[in-house]
Structure formats: C-alpha cells, structure tokens
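Coordinates as given in final15.txt (compact mmCIF, C-alpha atoms):
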# COMPACT_ATOMS: atom_id res chain seq x y z
CA MET A 45 -33.17 -32.40 -3.84
CA ASP A 46 -29.38 -32.36 -4.00
CA ASP A 47 -28.18 -28.95 -2.86
CA PRO A 48 -24.92 -29.34 -0.99
CA LEU A 49 -23.03 -26.54 0.71
CA LEU A 50 -19.54 -26.23 -0.79
CA ILE A 51 -16.73 -24.71 1.28
CA ALA A 52 -13.20 -24.87 -0.10
CA GLY A 53 -14.13 -27.84 -2.26
CA ARG A 54 -15.69 -29.78 0.61
CA GLU A 55 -19.38 -30.78 0.44
CA PHE A 56 -21.78 -30.57 3.35
CA ARG A 57 -25.39 -31.68 3.22
CA SER A 58 -26.28 -29.63 6.30
CA ARG A 59 -26.28 -25.84 6.05
CA LEU A 60 -26.29 -25.45 9.80
CA ILE A 61 -22.91 -25.02 11.48
CA THR A 62 -23.06 -25.17 15.25
CA GLY A 63 -20.96 -24.09 18.18
CA THR A 64 -20.47 -26.10 21.34
CA GLY A 65 -20.29 -23.26 23.88
CA GLY A 66 -22.93 -22.75 26.53
CA ALA A 67 -24.28 -26.30 26.77
CA ALA A 68 -25.01 -27.38 30.33
CA ASN A 69 -23.21 -30.69 29.84
CA LEU A 70 -22.00 -33.07 27.15
CA SER A 71 -25.14 -35.17 27.07
CA VAL A 72 -27.32 -32.10 26.41
CA LEU A 73 -24.83 -31.04 23.75
CA GLU A 74 -24.87 -34.46 22.12
CA ARG A 75 -28.66 -34.54 21.80
CA ALA A 76 -28.68 -31.00 20.40
CA LEU A 77 -25.95 -31.74 17.85
CA VAL A 78 -27.75 -34.85 16.64
CA ALA A 79 -31.08 -33.00 16.36
CA SER A 80 -29.42 -30.15 14.45
CA GLY A 81 -28.09 -32.46 11.74
CA THR A 82 -24.86 -30.43 11.68
CA GLU A 83 -21.73 -31.76 10.00
CA LEU A 84 -19.33 -29.00 11.13
CA THR A 85 -18.98 -27.69 14.67
CA THR A 86 -16.72 -25.18 16.37
CA VAL A 87 -14.48 -25.67 19.40
CA ALA A 88 -12.28 -23.17 21.24
CA MET A 89 -8.60 -23.53 22.16
CA ARG A 90 -7.79 -23.03 25.84
CA ARG A 91 -5.02 -23.73 28.33
CA VAL A 92 -5.01 -27.33 29.49
CA ASP A 93 -5.36 -26.43 33.16
CA SER A 94 -8.31 -24.09 32.66
CA ALA A 95 -11.87 -24.92 33.64
CA GLY A 96 -14.33 -26.32 31.11
CA GLN A 97 -12.09 -29.07 29.78
CA THR A 98 -14.27 -31.78 28.45
CA GLY A 99 -14.44 -34.66 26.10
CA VAL A 100 -15.85 -32.48 23.38
CA LEU A 101 -13.38 -33.73 20.75
CA GLU A 102 -14.21 -37.34 21.54
CA LEU A 103 -17.92 -36.52 21.29
CA LEU A 104 -17.55 -34.88 17.86
CA ARG A 105 -15.43 -37.77 16.60
CA ARG A 106 -18.03 -40.29 17.77
CA LEU A 107 -20.84 -38.36 16.06
CA GLY A 108 -18.81 -38.04 12.83
CA ILE A 109 -18.90 -34.23 12.97
CA GLU A 110 -16.00 -32.24 11.53
CA VAL A 111 -14.17 -30.01 14.02
CA LEU A 112 -13.82 -26.32 13.23
CA PRO A 113 -11.42 -24.68 15.70
CA ASN A 114 -11.98 -21.01 16.40
CA THR A 115 -9.76 -18.23 17.68
CA ALA A 116 -12.30 -17.00 20.24
CA GLY A 117 -10.80 -14.72 22.86
CA CYS A 118 -8.11 -13.30 20.57
CA ARG A 119 -7.85 -9.52 20.43
CA THR A 120 -4.93 -9.07 18.04
CA SER A 121 -3.87 -10.50 14.72
CA ALA A 122 -0.73 -12.01 16.30
CA GLU A 123 -2.76 -13.84 18.97
CA ALA A 124 -5.22 -15.16 16.42
CA VAL A 125 -2.50 -16.40 14.07
CA LEU A 126 -0.72 -18.27 16.89
CA THR A 127 -4.00 -19.75 18.14
CA ALA A 128 -4.86 -20.95 14.63
CA GLN A 129 -1.42 -22.52 14.28
CA LEU A 130 -1.82 -24.26 17.64
CA ALA A 131 -5.25 -25.53 16.62
CA ARG A 132 -3.81 -26.89 13.38
CA GLU A 133 -1.15 -28.72 15.35
CA ALA A 134 -3.54 -30.03 18.01
CA LEU A 135 -6.48 -30.98 15.80
CA GLU A 136 -4.78 -31.76 12.49
CA THR A 137 -7.02 -29.46 10.46
CA ASN A 138 -6.06 -26.38 8.47
CA TRP A 139 -9.59 -24.99 8.76
CA VAL A 140 -10.12 -22.14 11.19
CA LYS A 141 -13.00 -19.93 12.20
CA LEU A 142 -11.13 -16.67 12.57
CA GLU A 143 -12.38 -14.42 15.35
CA VAL A 144 -10.56 -11.26 16.40
CA VAL A 145 -12.79 -9.20 18.67
CA HIS A 146 -12.22 -5.66 19.83
CA ASP A 147 -13.67 -5.57 23.35
CA GLU A 148 -15.54 -7.69 25.86
CA GLU A 149 -18.73 -5.60 25.99
CA THR A 150 -19.63 -5.89 22.31
CA LEU A 151 -17.44 -8.79 21.16
CA LEU A 152 -17.55 -7.05 17.77
CA PRO A 153 -14.84 -7.98 15.28
CA ASP A 154 -11.86 -5.62 15.03
CA PRO A 155 -11.76 -5.13 11.25
CA VAL A 156 -8.13 -3.99 11.08
CA GLU A 157 -6.76 -6.92 13.10
CA LEU A 158 -9.15 -9.35 11.40
CA LEU A 159 -8.07 -8.48 7.88
CA ASP A 160 -4.40 -8.67 8.85
CA ALA A 161 -4.83 -12.07 10.52
CA ALA A 162 -6.87 -13.40 7.60
CA GLU A 163 -4.15 -12.43 5.15
CA ARG A 164 -1.42 -14.08 7.21
CA LEU A 165 -3.40 -17.27 7.68
CA VAL A 166 -4.35 -17.56 4.01
CA ASP A 167 -0.64 -17.13 3.17
CA ASP A 168 0.16 -19.87 5.68
CA GLY A 169 -2.17 -22.32 3.89
CA PHE A 170 -5.20 -22.13 6.15
CA VAL A 171 -8.81 -22.43 5.02
CA VAL A 172 -10.04 -19.25 6.69
CA LEU A 173 -13.67 -18.72 7.72
CA PRO A 174 -13.70 -15.21 9.18
CA TYR A 175 -16.31 -13.93 11.63
CA THR A 176 -16.87 -10.38 10.44
CA ASN A 177 -19.00 -7.30 10.82
CA ASP A 178 -22.07 -6.91 8.59
CA ASP A 179 -19.97 -4.62 6.43
CA PRO A 180 -20.16 -5.30 2.68
CA VAL A 181 -16.81 -3.61 2.02
CA LEU A 182 -14.94 -5.63 4.62
CA ALA A 183 -16.65 -8.79 3.41
CA ARG A 184 -15.43 -8.06 -0.11
CA LYS A 185 -11.88 -7.48 1.10
CA LEU A 186 -11.87 -10.74 3.07
CA GLU A 187 -13.02 -12.57 -0.03
CA ASP A 188 -10.43 -10.84 -2.20
CA ILE A 189 -7.54 -11.96 -0.01
CA GLY A 190 -8.66 -15.58 -0.29
CA CYS A 191 -10.98 -16.41 2.60
CA ALA A 192 -13.08 -19.54 1.99
CA THR A 193 -16.27 -17.92 3.30
CA VAL A 194 -17.34 -14.67 4.84
CA MET A 195 -19.32 -14.90 8.05
CA PRO A 196 -21.07 -11.63 8.90
CA LEU A 197 -22.84 -11.20 12.21
CA GLY A 198 -26.57 -10.65 12.45
CA SER A 199 -26.05 -8.92 15.81
CA PRO A 200 -23.47 -9.24 18.60
CA ILE A 201 -22.51 -12.70 19.87
CA GLY A 202 -24.95 -14.18 22.34
CA THR A 203 -27.50 -11.36 22.16
CA GLY A 204 -30.20 -13.21 20.25
CA LEU A 205 -31.13 -9.88 18.63
CA GLY A 206 -31.45 -11.49 15.21
CA ILE A 207 -30.45 -9.76 11.98
CA ARG A 208 -30.29 -6.03 12.71
CA ASN A 209 -29.34 -4.94 9.22
CA PRO A 210 -30.91 -7.30 6.69
CA HIS A 211 -30.06 -4.95 3.83
CA ASN A 212 -26.35 -5.18 4.58
CA ILE A 213 -26.56 -8.96 4.69
CA GLU A 214 -28.31 -8.91 1.32
CA LEU A 215 -25.65 -6.56 -0.08
CA ILE A 216 -23.01 -9.06 1.04
CA THR A 217 -24.78 -12.12 -0.36
CA SER A 218 -25.59 -10.39 -3.65
CA ARG A 219 -21.93 -9.77 -4.45
CA ALA A 220 -20.08 -12.62 -2.78
CA SER A 221 -18.67 -15.48 -4.79
CA VAL A 222 -17.77 -17.49 -1.68
CA PRO A 223 -20.41 -18.87 0.71
CA VAL A 224 -21.83 -16.31 3.13
CA VAL A 225 -22.48 -17.77 6.58
CA LEU A 226 -24.64 -15.76 8.98
CA ASP A 227 -22.70 -16.00 12.21
CA ALA A 228 -23.84 -14.65 15.58
CA GLY A 229 -26.99 -13.01 16.85
CA ILE A 230 -29.51 -15.70 15.93
CA GLY A 231 -32.18 -15.88 18.64
CA THR A 232 -34.84 -18.15 17.26
CA ALA A 233 -35.85 -20.14 14.20
CA SER A 234 -37.28 -17.22 12.21
CA ASP A 235 -33.89 -15.45 12.39
CA ALA A 236 -32.20 -18.47 10.83
CA ALA A 237 -34.86 -18.71 8.12
CA LEU A 238 -34.45 -15.00 7.34
CA ALA A 239 -30.69 -15.42 6.98
CA MET A 240 -31.23 -18.08 4.34
CA GLU A 241 -33.95 -16.03 2.60
CA LEU A 242 -31.46 -13.16 2.36
CA GLY A 243 -29.18 -15.44 0.38
CA CYS A 244 -26.84 -16.79 3.02
CA SER A 245 -25.42 -20.22 2.22
CA ALA A 246 -25.43 -21.38 5.84
CA VAL A 247 -26.01 -20.31 9.43
CA LEU A 248 -23.62 -20.66 12.35
CA LEU A 249 -25.14 -20.54 15.81
CA ALA A 250 -24.54 -21.80 19.33
CA THR A 251 -26.20 -19.84 22.13
CA ALA A 252 -29.67 -19.88 20.57
CA VAL A 253 -29.62 -23.66 20.91
CA THR A 254 -27.37 -24.40 23.87
CA ARG A 255 -29.05 -21.87 26.19
CA ALA A 256 -32.62 -22.52 25.04
CA ASP A 257 -34.94 -24.12 27.61
CA ASP A 258 -34.95 -27.25 25.46
CA PRO A 259 -31.74 -27.31 23.39
CA GLU A 260 -32.61 -30.50 21.53
CA ARG A 261 -35.95 -29.16 20.36
CA MET A 262 -34.47 -25.77 19.41
CA ALA A 263 -31.75 -27.55 17.44
CA ALA A 264 -34.44 -29.37 15.49
CA ALA A 265 -36.24 -26.04 14.94
CA MET A 266 -33.05 -24.47 13.58
CA ARG A 267 -32.52 -27.37 11.24
CA CYS A 268 -36.03 -26.95 9.83
CA ALA A 269 -35.65 -23.16 9.66
CA VAL A 270 -32.41 -23.33 7.69
CA GLU A 271 -33.91 -25.87 5.30
CA GLY A 272 -37.12 -23.85 4.95
CA GLY A 273 -35.29 -20.58 4.39
CA ARG A 274 -33.04 -22.17 1.79
CA LEU A 275 -35.99 -23.65 -0.10
CA ALA A 276 -37.80 -20.30 -0.01
CA ARG A 277 -34.73 -18.53 -1.36
CA LEU A 278 -34.40 -21.03 -4.21
CA ALA A 279 -38.15 -20.95 -4.89
CA GLY A 280 -38.13 -17.18 -5.47
CA ARG A 281 -40.51 -15.23 -3.25
CA ILE A 282 -43.32 -13.05 -4.63
CA PRO A 283 -42.67 -9.32 -4.78
CA GLN A 284 -44.17 -7.29 -1.94
CA ARG A 285 -47.15 -5.16 -2.99
CA PHE A 286 -48.82 -2.16 -1.41
CA TRP A 287 -52.40 -3.10 -2.41
CA ALA A 288 -54.20 -6.37 -2.05
CA GLN A 289 -54.34 -8.76 -4.99
CA ALA A 290 -57.14 -11.32 -4.98
CA SER A 291 -56.00 -14.91 -5.17
CA SER A 292 -59.49 -16.19 -6.07
CA PRO A 293 -61.05 -15.60 -9.49
CA SER A 294 -63.36 -12.56 -9.59
CA ARG A 295 -66.25 -14.45 -11.27
CA MET B 60 15.31 -22.26 36.68
CA LYS B 61 11.93 -20.65 36.30
CA ALA B 62 9.46 -20.74 33.42
CA GLN B 63 5.93 -19.50 32.85
CA VAL B 64 3.66 -22.48 32.21
CA ASN B 65 0.11 -21.56 31.21
CA GLY B 66 0.45 -18.27 33.02
CA THR B 67 1.91 -19.68 36.25
CA SER B 68 5.54 -19.35 37.30
CA ARG B 69 7.06 -22.81 37.82
CA ASP B 70 10.42 -24.01 39.10
CA LEU B 71 11.75 -26.51 36.59
CA ALA B 72 14.93 -28.57 36.60
CA ASP B 73 17.55 -27.43 34.08
CA GLY B 74 17.11 -29.30 30.83
CA THR B 75 13.36 -29.86 31.24
CA SER B 76 11.83 -30.70 27.85
CA VAL B 77 8.56 -29.49 26.40
CA ALA B 78 7.32 -33.09 26.59
CA ALA B 79 7.97 -33.09 30.36
CA VAL B 80 6.01 -29.85 30.78
CA VAL B 81 3.10 -31.30 28.82
CA SER B 82 2.84 -34.23 31.20
CA LEU B 83 3.40 -31.91 34.19
CA VAL B 84 0.20 -29.99 33.39
CA GLY B 85 -1.73 -33.22 32.93
CA ALA B 86 -2.51 -32.75 29.25
CA PRO B 87 -4.59 -35.42 27.52
CA GLU B 88 -2.94 -37.73 24.96
CA LYS B 89 -4.59 -36.20 21.93
CA GLY B 90 -5.72 -32.78 20.77
CA VAL B 91 -2.92 -30.83 22.46
CA ALA B 92 -0.54 -28.22 21.09
CA VAL B 93 2.33 -26.28 22.63
CA ALA B 94 3.76 -22.83 22.05
CA LEU B 95 7.17 -21.87 23.43
CA ASP B 96 7.91 -18.15 23.51
CA GLY B 97 5.12 -17.47 21.04
CA ALA B 98 5.94 -20.12 18.44
CA VAL B 99 4.37 -23.54 17.90
CA VAL B 100 6.54 -26.51 18.88
CA PRO B 101 5.50 -29.45 16.65
CA ARG B 102 4.70 -32.61 18.58
CA ALA B 103 7.64 -34.43 16.96
CA LEU B 104 10.02 -31.94 18.61
CA TRP B 105 8.58 -32.00 22.14
CA ASP B 106 11.22 -34.43 23.44
CA LYS B 107 14.17 -32.56 21.93
CA THR B 108 13.05 -29.04 22.78
CA ILE B 109 14.41 -27.76 26.10
CA VAL B 110 12.56 -25.01 27.96
CA PRO B 111 14.98 -22.11 28.53
CA ASP B 112 15.21 -20.11 31.77
CA GLY B 113 12.43 -17.52 31.67
CA GLY B 114 10.69 -19.39 28.83
CA VAL B 115 6.97 -18.96 28.31
CA VAL B 116 5.12 -22.21 27.62
CA GLU B 117 1.47 -22.46 26.64
CA VAL B 118 -0.19 -25.90 26.51
CA LEU B 119 -3.55 -25.76 24.77
CA THR B 120 -6.38 -28.13 23.97
CA ALA B 121 -9.86 -27.92 22.48
CA VAL B 122 -12.79 -27.12 24.76
CA GLN B 123 -16.46 -26.31 24.19
CA GLY B 124 -16.80 -22.91 22.64
CA GLY B 125 -17.95 -20.77 19.78

What does the file become when written as structure tokens?
Amino acid sequence: MDDPLLIAGREFRSRLITGTGGAANLSVLERALVASGTELTTVAMRRVDSAGQTGVLELLRRLGIEVLPNTAGCRTSAEAVLTAQLAREALETNWVKLEVVHDEETLLPDPVELLDAAERLVDDGFVVLPYTNDDPVLARKLEDIGCATVMPLGSPIGTGLGIRNPHNIELITSRASVPVVLDAGIGTASDAALAMELGCSAVLLATAVTRADDPERMAAAMRCAVEGGRLARLAGRIPQRFWAQASSPSR
Amino acid sequence: MKAQVNGTSRDLADGTSVAAVVSLVGAPEKGVAVALDGAVVPRALWDKTIVPDGGVVEVLTAVQGG
C-alpha cells in the first residue's frame, strides 16, 4: 500500500524518524538505524573540540539517510536561530528540528522562545520542524506561522513515560493540516503504536532505541509499531462499548 | 592579540584568518561551520575574514544527538 509521509513536499516511505544520541558506539547505531528503516535522522551541532565527535555524518551518508540537524541545547531564540544557521552552512540543508528548552531538569520547550525562533527561521527560508509541548494552541500557532510539521512531546525527553495526555495529542492531530510528529517520551513499541493511532503522521524517537538492552531489536519493534499503528488508524477502529457484544451468532 | 575560540582564550597572531582558526582546532574537512561574534561566516569567506582582537569564534560540527 502506497502511503508516503509528506513533509514540505518531500516524500518518505518510513514514518519513523530517529535520533542518534545515546548509542554506545557507531556500530550499534548503524545496526539500529538499518533495523528501524528510517530515512530521516537527527544530529546535534557541537563545538569541534568537544567530546563525542564521531563519524556520524559519514555513517548517515553511507546508509542513504537524510540528516536533520537539531538545535538541542539552545535555551533562547537567538541561540537556536544561530545554531540553525550554522547547521545549514555545515550540512547544506535548510531543514531544522527546532528545539528551545527552558531548563535542564524537564527539558520542556520554552513556548515563548520557540515561537519567536520558529518565526525567524521560517522568514529566513528554513523548513522548520519544531519540538513543542503537547499544547493544541501552541501547535496551531506554529502551524500558522509556516512550520512544516508540529512535533508535540508525549512526555519529557528521555523519560520513556509514553504519551501522558493522549487527548491533547488527538486535539492536535484532529486540527492540524501539517504532519504531526510525536516527538519525545516514547518508551516502548506500544507508545509508538498509540501515537499513530491518535493520528500522528510519524514518530521521532532516540533513547527508547539507543538505550534499550538490544537497540537493533527495539528499532525493529518500533518500525513494526509505527506501521501497525498507522494501519490501525487508517482501518478505523471499532467504537468502545460498555457492555459485551457477542461476535458469534446467537443461534 | 587574544580571541575566544570555542570558549577558550587563545593568543593569535595579528591578521589570523577564520580559516587558520578552523585548522587550529583540528576541524574535519566537511560538515563544519563557523560563527564570528554571533554571525555565521560562510565557508567561502573563511580565508578573507580576519579574527579581530577580542573576537569570539565558534567552530561547530555535527555529532550524535537528538
């Protein structure tokens, strides 16, 4: 069945977007990326002399996976805009996963700084994929100013707490005219399936795979979960009932 | 003269270019970008752009993350 994900006019067959953070080493990451079937993967921008420098770009190029730079670590609109501009220069892409977080304990998006940065980057010609709170009003505003997706969190980054407010996610997906990507908080396959059942167009995750006991196997699980959840959403689930309803004929 | 390079104070010869700073920090050939005093310096201008006294240079690349 042909059911591509469309972001800013670009088609993806996989609805699973992955991050690269947290993997023990590049060979573990490579096996997980391949098993996930992903076609779009995030990287962070850091100082050249900082720890954690790796051949991650070379790996993604070899696997034919598109690079999606993020603005992780930025706390203000100005920082995020500069980081996005540096990423565009370094990686020759105008796509950016926009992250502007408020504090280290929660890593929750700062809505005021986020909206400001999104507006500036859209004006500067970027394809902006903002990581946002599970707030239907903010999601609408991000869409209105021209973001290519909205990417609400299920729960805080790295917690694996799943989707804490499914109703908000459904409110967002029911009104959005751009793809909604569930970003952050996924812990296991059922969380990813739920995101798709709630009408998300894709799921973005990293920790759930890279820090699993067996990242390659969890990546495969996430791939199946996203596909299963998408099919279930398109198939149209039965309404929930209070009383039993026999599925066998009564005579 | 002195400049801040990736958060560290460095003594640089007068007239040091951005390109020279990039090689000083051991940046890889590809996937690198530079900001000078908070603005991106396009790669094509690295040779011509001189780091001023007290300048703040950030040399960034992509790493695993997100």

Of the residues A:Ile230, A:Leu135, A:Val194, A:Leu112, which is the one nearest to Arg255 (chain A), using only C-alpha atoms? A:Ile230

Compile the residues of chain B that lie within 12 Å of chain A, evaluated using all atoms listed in the file, and express the compilation as JSON, numbers by chain. {"B": [64, 65, 66, 67, 80, 81, 82, 83, 84, 85, 86, 87, 88, 89, 90, 91, 92, 93, 94, 95, 96, 97, 98, 99, 100, 101, 102, 103, 116, 117, 118, 119, 120, 121, 122, 123, 124, 125]}

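Relative to CA of Leu173 (chain A), CA of Cys191 (chain A) is found at 6.2 Å.
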
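CA of Arg54 (chain A) lies 17.9 Å from CA of Arg105 (chain A).
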
What is the distance, in Å and to one decimal place, between CA of Ala269 (chain A) and CA of Glu83 (chain A)?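 Separation of CA of Ala269 (chain A) and CA of Glu83 (chain A): 16.4 Å.
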